[in-house]
file input02.txt (compact mmCIF, C-alpha atoms)
# COMPACT_ATOMS: atom_id res chain seq x y z
CA MET A 1 15.55 -5.18 -26.10
CA LEU A 2 16.76 -2.11 -27.89
CA VAL A 3 20.29 -1.20 -26.83
CA LEU A 4 21.64 2.30 -27.45
CA THR A 5 25.04 3.78 -26.67
CA ARG A 6 25.02 7.28 -25.17
CA LYS A 7 27.71 9.66 -23.98
CA LEU A 8 27.58 11.94 -20.95
CA GLY A 9 24.99 14.68 -21.50
CA GLU A 10 23.28 12.83 -24.32
CA SER A 11 19.72 11.67 -24.04
CA ILE A 12 17.07 9.31 -25.30
CA ALA A 13 13.55 10.34 -26.18
CA ILE A 14 10.65 7.94 -25.62
CA ASP A 15 7.41 8.94 -27.30
CA ASP A 16 7.03 12.68 -27.54
CA ASN A 17 7.06 13.42 -23.86
CA ILE A 18 9.68 11.32 -22.07
CA LYS A 19 13.36 12.14 -22.08
CA ILE A 20 16.18 10.32 -20.30
CA VAL A 21 19.50 12.12 -19.92
CA VAL A 22 22.85 10.69 -18.83
CA VAL A 23 23.70 13.19 -16.11
CA GLN A 24 26.84 11.65 -14.65
CA ILE A 25 29.07 8.61 -15.15
CA LYS A 26 31.23 7.61 -12.21
CA GLY A 27 32.97 4.22 -12.32
CA LYS A 28 30.19 1.63 -12.47
CA GLN A 29 27.48 4.13 -11.62
CA VAL A 30 25.38 6.05 -14.07
CA ARG A 31 23.18 8.92 -12.95
CA LEU A 32 20.12 9.42 -15.09
CA GLY A 33 17.79 12.37 -15.25
CA ILE A 34 14.26 11.64 -16.41
CA LYS A 35 11.83 14.19 -17.77
CA ALA A 36 8.32 12.83 -18.00
CA PRO A 37 4.70 13.92 -17.64
CA LYS A 38 3.39 14.06 -14.10
CA GLU A 39 1.26 10.95 -14.48
CA THR A 40 4.17 8.74 -15.52
CA LYS A 41 5.24 6.34 -12.79
CA ILE A 42 8.98 6.06 -12.36
CA HIS A 43 10.56 3.74 -9.83
CA ARG A 44 13.78 1.86 -9.33
CA GLU A 45 13.14 -1.76 -10.25
CA GLU A 46 14.18 -2.89 -6.73
CA VAL A 47 11.20 -1.01 -5.27
CA TYR A 48 8.79 -3.42 -6.97
CA GLN A 49 10.84 -6.41 -5.82
CA ALA A 50 10.86 -5.10 -2.23
CA ILE A 51 7.08 -4.63 -2.27
CA GLN A 52 6.55 -8.08 -3.71
CA ASP A 53 8.75 -9.55 -0.95
CA GLN A 54 6.78 -7.66 1.72
CA ASN A 55 3.46 -8.87 0.30
CA THR A 56 4.70 -12.45 0.28
CA GLU A 57 5.90 -12.11 3.86
CA ALA A 58 2.66 -10.43 4.95
CA VAL A 59 0.43 -13.39 3.96
CA GLN A 60 2.49 -15.68 6.23
CA ALA A 61 0.75 -14.12 9.25
CA ASP A 62 -1.97 -16.25 10.82
CA LEU A 63 -4.39 -15.81 13.68
CA SER A 64 -1.87 -17.14 16.21
CA SER A 65 0.53 -14.32 15.34
CA ILE A 66 -2.31 -11.83 15.84
CA ALA A 67 -3.22 -13.48 19.14
CA ARG A 68 0.40 -13.20 20.29
CA LEU A 69 0.45 -9.57 19.17
CA GLY A 70 -2.80 -8.94 21.08
CA GLU A 71 -1.22 -10.37 24.24
CA GLU A 72 1.92 -8.32 23.78
CA LEU A 73 -0.07 -5.12 23.23
CA LYS A 74 -2.02 -5.71 26.45
CA LYS A 75 1.16 -5.86 28.57
CA LYS A 76 1.89 -2.73 30.54
CA MET B 77 -21.96 -16.46 -1.40
CA LYS B 78 -19.88 -18.82 0.70
CA VAL B 79 -16.11 -18.37 0.77
CA LYS B 80 -13.66 -20.85 2.24
CA THR B 81 -10.73 -19.39 4.15
CA THR B 82 -7.93 -21.16 6.01
CA ARG B 83 -7.93 -18.61 8.85
CA PHE B 84 -11.62 -17.93 9.40
CA GLY B 85 -13.29 -21.08 8.12
CA GLU B 86 -16.23 -20.74 5.76
CA LEU B 87 -17.64 -17.22 5.60
CA GLU B 88 -20.87 -15.91 4.15
CA VAL B 89 -19.96 -12.90 2.02
CA ASN B 90 -22.37 -10.47 0.42
CA PRO B 91 -21.34 -10.37 -3.28
CA GLY B 92 -21.76 -6.58 -3.05
CA ASP B 93 -18.88 -6.46 -0.57
CA VAL B 94 -16.38 -8.12 -2.89
CA LEU B 95 -13.60 -5.78 -3.99
CA THR B 96 -11.96 -6.04 -7.39
CA PHE B 97 -8.23 -5.47 -7.63
CA ALA B 98 -7.94 -5.51 -11.43
CA GLU B 99 -4.14 -5.62 -11.33
CA GLY B 100 -3.94 -7.86 -8.29
CA LEU B 101 -1.28 -7.13 -5.67
CA LEU B 102 2.44 -7.25 -6.45
CA GLY B 103 3.45 -10.90 -6.38
CA PHE B 104 -0.23 -11.94 -6.41
CA GLU B 105 -1.22 -10.64 -9.82
CA ASN B 106 -3.54 -13.58 -10.57
CA LEU B 107 -5.80 -12.93 -7.55
CA LYS B 108 -8.29 -10.14 -8.24
CA LYS B 109 -11.19 -10.60 -5.80
CA TYR B 110 -10.99 -9.81 -2.12
CA PHE B 111 -13.13 -8.81 0.82
CA VAL B 112 -12.31 -7.26 4.16
CA VAL B 113 -12.64 -9.37 7.30
CA ASP B 114 -12.91 -7.57 10.63
CA PRO B 115 -12.24 -10.12 13.37
CA GLY B 116 -13.10 -7.39 15.89
CA ASP B 117 -10.10 -8.05 18.11
CA SER B 118 -8.17 -5.53 20.18
CA THR B 119 -5.33 -5.15 17.69
CA LEU B 120 -7.42 -3.08 15.22
CA ILE B 121 -6.02 -5.26 12.43
CA LEU B 122 -8.30 -6.22 9.56
CA TRP B 123 -7.67 -8.79 6.84
CA LEU B 124 -7.89 -8.49 3.09
CA GLN B 125 -8.99 -12.02 2.25
CA SER B 126 -8.87 -13.46 -1.27
CA THR B 127 -12.03 -15.19 -2.48
CA GLU B 128 -9.98 -17.13 -5.02
CA ASP B 129 -7.28 -18.59 -2.77
CA GLU B 130 -8.33 -19.50 0.75
CA LYS B 131 -4.76 -19.23 2.06
CA VAL B 132 -4.18 -15.67 0.89
CA ALA B 133 -5.11 -12.95 3.38
CA PHE B 134 -3.16 -9.79 4.10
CA PRO B 135 -3.28 -8.24 7.57
CA ILE B 136 -4.07 -4.55 7.06
CA ILE B 137 -4.57 -1.48 9.20
CA GLU B 138 -5.47 2.17 8.68
CA PRO B 139 -2.13 4.00 8.77
CA LYS B 140 -3.59 7.02 10.63
CA ILE B 141 -3.71 4.79 13.70
CA PHE B 142 0.06 4.60 14.03
CA LYS B 143 1.20 7.47 11.81
CA PRO B 144 -1.16 10.46 11.97
CA ASP B 145 0.99 12.55 9.60
CA TYR B 146 1.05 9.96 6.82
CA ILE B 147 -0.08 11.21 3.46
CA ALA B 148 -0.52 9.08 0.36
CA LYS B 149 -0.13 11.42 -2.56
CA LEU B 150 -1.92 9.95 -5.54
CA LEU B 151 -1.18 10.74 -9.15
CA PRO B 152 -3.97 11.30 -11.69
CA ALA B 153 -3.25 7.87 -13.18
CA ASP B 154 -3.86 6.27 -9.78
CA LEU B 155 -7.17 8.09 -9.37
CA ASN B 156 -8.32 7.14 -12.85
CA GLY B 157 -7.59 3.46 -12.25
CA LEU B 158 -9.72 3.62 -9.12
CA GLU B 159 -12.49 5.62 -10.82
CA LEU B 160 -12.23 8.03 -7.92
CA GLU B 161 -13.80 11.41 -8.45
CA SER B 162 -13.31 12.54 -4.92
CA LEU B 163 -11.21 11.18 -2.10
CA SER B 164 -14.10 11.11 0.35
CA ASN B 165 -15.13 7.65 -0.88
CA ALA B 166 -11.60 6.29 -0.61
CA LYS B 167 -10.20 4.10 2.13
CA LEU B 168 -6.52 3.76 2.81
CA TYR B 169 -4.80 0.75 4.37
CA SER B 170 -1.24 -0.37 4.98
CA ILE B 171 -0.28 -4.03 4.66
CA LEU B 172 1.38 -5.39 7.78
CA THR B 173 4.20 -7.88 8.10
CA ILE B 174 4.07 -9.68 11.44
CA PRO B 175 7.18 -11.78 12.12
CA SER B 176 7.40 -14.36 14.93
CA ASN B 177 8.87 -11.65 17.13
CA VAL B 178 5.72 -9.55 16.98
CA VAL B 179 7.30 -6.36 18.31
CA GLU B 180 9.22 -6.21 15.02
CA MET B 181 5.97 -5.86 13.08
CA SER B 182 6.07 -3.39 10.23
CA ALA B 183 3.77 -1.61 7.83
CA ASN B 184 4.32 -1.01 4.15
CA LEU B 185 3.98 2.77 3.75
CA LYS B 186 5.48 2.83 0.27
CA ALA B 187 2.71 0.79 -1.35
CA PRO B 188 -0.62 1.27 0.45
CA LEU B 189 -3.96 -0.16 -0.61
CA VAL B 190 -6.48 2.38 -1.78
CA ILE B 191 -10.08 1.26 -2.03
CA ASN B 192 -12.97 3.01 -3.73
CA SER B 193 -15.74 2.01 -1.35
CA ASP B 194 -18.56 2.98 -3.71
CA LYS B 195 -17.30 1.23 -6.81
CA LYS B 196 -15.68 -1.63 -4.86
CA ILE B 197 -12.40 -1.24 -6.66
CA GLY B 198 -8.99 -1.49 -5.03
CA LYS B 199 -5.42 -0.97 -6.02
CA GLN B 200 -2.00 -1.31 -4.42
CA ILE B 201 -0.38 1.98 -5.25
CA VAL B 202 3.38 2.50 -5.31
CA LEU B 203 3.90 6.04 -4.05
CA GLN B 204 6.56 8.21 -5.60
CA ASP B 205 7.88 9.55 -2.26
CA SER B 206 11.29 7.90 -1.90
CA LYS B 207 11.40 8.47 1.88
CA LEU B 208 8.55 6.02 2.51
CA SER B 209 9.60 2.57 3.67
CA VAL B 210 8.16 -0.82 2.70
CA LYS B 211 9.08 -1.96 6.20
CA HIS B 212 8.16 0.80 8.63
CA GLU B 213 8.34 -0.53 12.19
CA MET B 214 5.33 0.71 14.15
CA TYR B 215 4.69 -1.59 17.11
CA LYS B 216 5.31 1.16 19.69
CA GLU B 217 2.95 3.61 17.99
CA LEU B 218 0.23 0.97 17.70
CA LYS B 219 0.61 0.15 21.39
CA THR B 220 0.42 3.82 22.38
CA TYR B 221 -2.73 4.24 20.29
CA ILE B 222 -4.39 1.15 21.75
CA VAL B 223 -3.56 2.15 25.34
CA ASN B 224 -5.15 5.56 24.78
CA TYR B 225 -8.06 4.04 22.92
CA SER B 226 -9.02 1.65 25.69
CA SER B 227 -8.44 4.05 28.57
CA ASP B 228 -10.26 7.03 27.17
CA ASP B 229 -13.96 6.45 26.64
CA ALA B 230 -14.52 9.98 25.44
CA ARG B 231 -12.18 9.41 22.53
CA ARG B 232 -13.65 6.07 21.69
CA THR B 233 -16.53 7.56 19.76
CA ASN B 234 -14.11 9.71 17.90
CA VAL B 235 -11.40 7.34 16.79
CA GLU B 236 -12.46 6.96 13.19
CA PRO B 237 -9.21 7.95 11.51
CA SER B 238 -9.55 10.56 8.87
CA ILE B 239 -8.32 9.68 5.44
CA ALA B 240 -4.81 10.75 4.70
CA LEU B 241 -5.03 10.97 0.99
CA GLU B 242 -4.05 13.78 -1.21
CA ALA B 243 -4.80 14.15 -4.85
CA GLY B 244 -2.15 15.34 -7.19
CA ASP B 245 -3.35 17.55 -9.97
CA LEU B 246 -6.57 15.86 -11.02
CA LYS B 247 -6.38 16.87 -14.62
CA PRO B 248 -3.62 15.08 -16.49
CA THR B 249 -1.30 17.77 -17.71
CA SER B 250 1.56 17.92 -20.08
CA GLN B 251 3.57 19.53 -17.35
CA VAL B 252 7.08 18.17 -17.18
CA ARG B 253 8.81 17.18 -14.00
CA THR B 254 12.38 16.16 -13.52
CA LEU B 255 13.28 13.22 -11.37
CA GLU B 256 16.61 11.73 -10.64
CA VAL B 257 16.35 8.01 -10.19

call {"tool": "encode", "arguments": {"input": "input02.txt", "output": "structure tokens"}}
result
Amino acid sequence: MLVLTRKLGESIAIDDNIKIVVVQIKGKQVRLGIKAPKETKIHREEVYQAIQDQNTEAVQADLSSIARLGEELKKK
Amino acid sequence: MKVKTTRFGELEVNPGDVLTFAEGLLGFENLKKYFVVDPGDSTLILWLQSTEDEKVAFPIIEPKIFKPDYIAKLLPADLNGLELESLSNAKLYSILTIPSNVVEMSANLKAPLVINSDKKIGKQIVLQDSKLSVKHEMYKELKTYIVNYSSDDARRTNVEPSIALEAGDLKPTSQVRTLEV
């Protein structure tokens, strides 16, 4: 992994079209601004982890859970 | 072709109905081939069943059913990966999580499945909208929909949910956007 040191307001360029700016530093938090082409996907890493967890949980469902859900939905 | 499944037993599947998820689903990257099973029950829930692992099947539902105002805004990169030229051939599904207390069921609105029905290609797309939840509780809305659905015969012919997809700019541009992550 390439590690670079940056000060507030400084930035990093990736390729010709992506720029990451240190916008704010507050204690242990760093606020980053990212300039990138529209088609670039940018997400917090936790988002992927959360989706992976949901997918793993989703496949636990079986037909008995659906049957129970069907019963519950029928109740007035 | 015959496909073994733990939930539905052995199924006869038309090879033309098999969907390819080239990137797999998050956490299931090694499984690429799926097909949709419609058990035809009252819950309106379908299953995305793997042909490669009999145990893997995701309960899915069309999000319009419980969230009529839901829009999945796709980026050009998403559309390219799906070889989608227009959105009219696309189908949109949310993956459901159904815990033992079924009323706490939830849908993943952040990362829906988009399927190109013509080309039989699918993709789980992570939407950029940060307000969308991976765990959107929707039991009440589903119940309301089903109650209306079964009590109103006139609507029954008309329940096919329209597709809530929106294309971003189709042509990749060099336009710059600023995001704060």

call {"tool": "closest_residue", "arguments": {"input": "input02.txt", "among": "B:Leu122, B:Ile197, B:Leu163, B:Val94", "to": "chain A", "atoms": "all atoms listed in the file"}}
result
B:Leu122

call {"tool": "interface_residues", "arguments": {"input": "input02.txt", "of": "chain A", "to": "chain B", "cutoff": "10 Å", "atoms": "only C-alpha atoms", "output": "PDB file with C-alpha atoms, in the frame of the given file"}}
result
ATOM      1  CA  ASN A  17       7.060  13.420 -23.860  1.00  0.00           C
ATOM      2  CA  ILE A  18       9.680  11.320 -22.070  1.00  0.00           C
ATOM      3  CA  LYS A  19      13.360  12.140 -22.080  1.00  0.00           C
ATOM      4  CA  ILE A  20      16.180  10.320 -20.300  1.00  0.00           C
ATOM      5  CA  VAL A  21      19.500  12.120 -19.920  1.00  0.00           C
ATOM      6  CA  VAL A  23      23.700  13.190 -16.110  1.00  0.00           C
ATOM      7  CA  ARG A  31      23.180   8.920 -12.950  1.00  0.00           C
ATOM      8  CA  LEU A  32      20.120   9.420 -15.090  1.00  0.00           C
ATOM      9  CA  GLY A  33      17.790  12.370 -15.250  1.00  0.00           C
ATOM     10  CA  ILE A  34      14.260  11.640 -16.410  1.00  0.00           C
ATOM     11  CA  LYS A  35      11.830  14.190 -17.770  1.00  0.00           C
ATOM     12  CA  ALA A  36       8.320  12.830 -18.000  1.00  0.00           C
ATOM     13  CA  PRO A  37       4.700  13.920 -17.640  1.00  0.00           C
ATOM     14  CA  LYS A  38       3.390  14.060 -14.100  1.00  0.00           C
ATOM     15  CA  GLU A  39       1.260  10.950 -14.480  1.00  0.00           C
ATOM     16  CA  THR A  40       4.170   8.740 -15.520  1.00  0.00           C
ATOM     17  CA  LYS A  41       5.240   6.340 -12.790  1.00  0.00           C
ATOM     18  CA  ILE A  42       8.980   6.060 -12.360  1.00  0.00           C
ATOM     19  CA  HIS A  43      10.560   3.740  -9.830  1.00  0.00           C
ATOM     20  CA  ARG A  44      13.780   1.860  -9.330  1.00  0.00           C
ATOM     21  CA  VAL A  47      11.200  -1.010  -5.270  1.00  0.00           C
ATOM     22  CA  TYR A  48       8.790  -3.420  -6.970  1.00  0.00           C
ATOM     23  CA  GLN A  49      10.840  -6.410  -5.820  1.00  0.00           C
ATOM     24  CA  ALA A  50      10.860  -5.100  -2.230  1.00  0.00           C
ATOM     25  CA  ILE A  51       7.080  -4.630  -2.270  1.00  0.00           C
ATOM     26  CA  GLN A  52       6.550  -8.080  -3.710  1.00  0.00           C
ATOM     27  CA  ASP A  53       8.750  -9.550  -0.950  1.00  0.00           C
ATOM     28  CA  GLN A  54       6.780  -7.660   1.720  1.00  0.00           C
ATOM     29  CA  ASN A  55       3.460  -8.870   0.300  1.00  0.00           C
ATOM     30  CA  THR A  56       4.700 -12.450   0.280  1.00  0.00           C
ATOM     31  CA  GLU A  57       5.900 -12.110   3.860  1.00  0.00           C
ATOM     32  CA  ALA A  58       2.660 -10.430   4.950  1.00  0.00           C
ATOM     33  CA  VAL A  59       0.430 -13.390   3.960  1.00  0.00           C
ATOM     34  CA  GLN A  60       2.490 -15.680   6.230  1.00  0.00           C
ATOM     35  CA  ALA A  61       0.750 -14.120   9.250  1.00  0.00           C
ATOM     36  CA  ASP A  62      -1.970 -16.250  10.820  1.00  0.00           C
ATOM     37  CA  LEU A  63      -4.390 -15.810  13.680  1.00  0.00           C
ATOM     38  CA  SER A  64      -1.870 -17.140  16.210  1.00  0.00           C
ATOM     39  CA  SER A  65       0.530 -14.320  15.340  1.00  0.00           C
ATOM     40  CA  ILE A  66      -2.310 -11.830  15.840  1.00  0.00           C
ATOM     41  CA  ALA A  67      -3.220 -13.480  19.140  1.00  0.00           C
ATOM     42  CA  ARG A  68       0.400 -13.200  20.290  1.00  0.00           C
ATOM     43  CA  LEU A  69       0.450  -9.570  19.170  1.00  0.00           C
ATOM     44  CA  GLY A  70      -2.800  -8.940  21.080  1.00  0.00           C
ATOM     45  CA  GLU A  71      -1.220 -10.370  24.240  1.00  0.00           C
ATOM     46  CA  GLU A  72       1.920  -8.320  23.780  1.00  0.00           C
ATOM     47  CA  LEU A  73      -0.070  -5.120  23.230  1.00  0.00           C
ATOM     48  CA  LYS A  74      -2.020  -5.710  26.450  1.00  0.00           C
ATOM     49  CA  LYS A  75       1.160  -5.860  28.570  1.00  0.00           C
ATOM     50  CA  LYS A  76       1.890  -2.730  30.540  1.00  0.00           C
TER      51      LYS A  76
END

call {"tool": "residues_around", "arguments": {"input": "input02.txt", "residues": "Ser193 in chain B", "least_positions_apart": "4", "cutoff": "9 Å", "atoms": "all atoms listed in the file", "output": "JSON, numbers by chain"}}
result
{"B": [95, 165, 166, 167, 197, 198]}

call {"tool": "closest_residue", "arguments": {"input": "input02.txt", "among": "B:Leu107, B:Thr127, B:Glu217, B:Glu161", "to": "Pro91 in chain B", "atoms": "all atoms listed in the file"}}
result
B:Thr127

call {"tool": "atom_distance", "arguments": {"input": "input02.txt", "atom1": "CA of Glu128 in chain B", "atom2": "CA of Glu46 in chain A"}}
result
28.1 Å

call {"tool": "closest_residue", "arguments": {"input": "input02.txt", "among": "B:Gly157, B:Gly85, B:Gly92, B:Gly116", "to": "Lys199 in chain B", "atoms": "all atoms listed in the file"}}
result
B:Gly157

call {"tool": "closest_residue", "arguments": {"input": "input02.txt", "among": "B:Leu87, B:Glu213, B:Glu242, B:Lys196", "to": "Asp145 in chain B", "atoms": "only C-alpha atoms"}}
result
B:Glu242

call {"tool": "atom_distance", "arguments": {"input": "input02.txt", "atom1": "CA of Leu4 in chain A", "atom2": "CA of Val30 in chain A"}}
result
14.4 Å
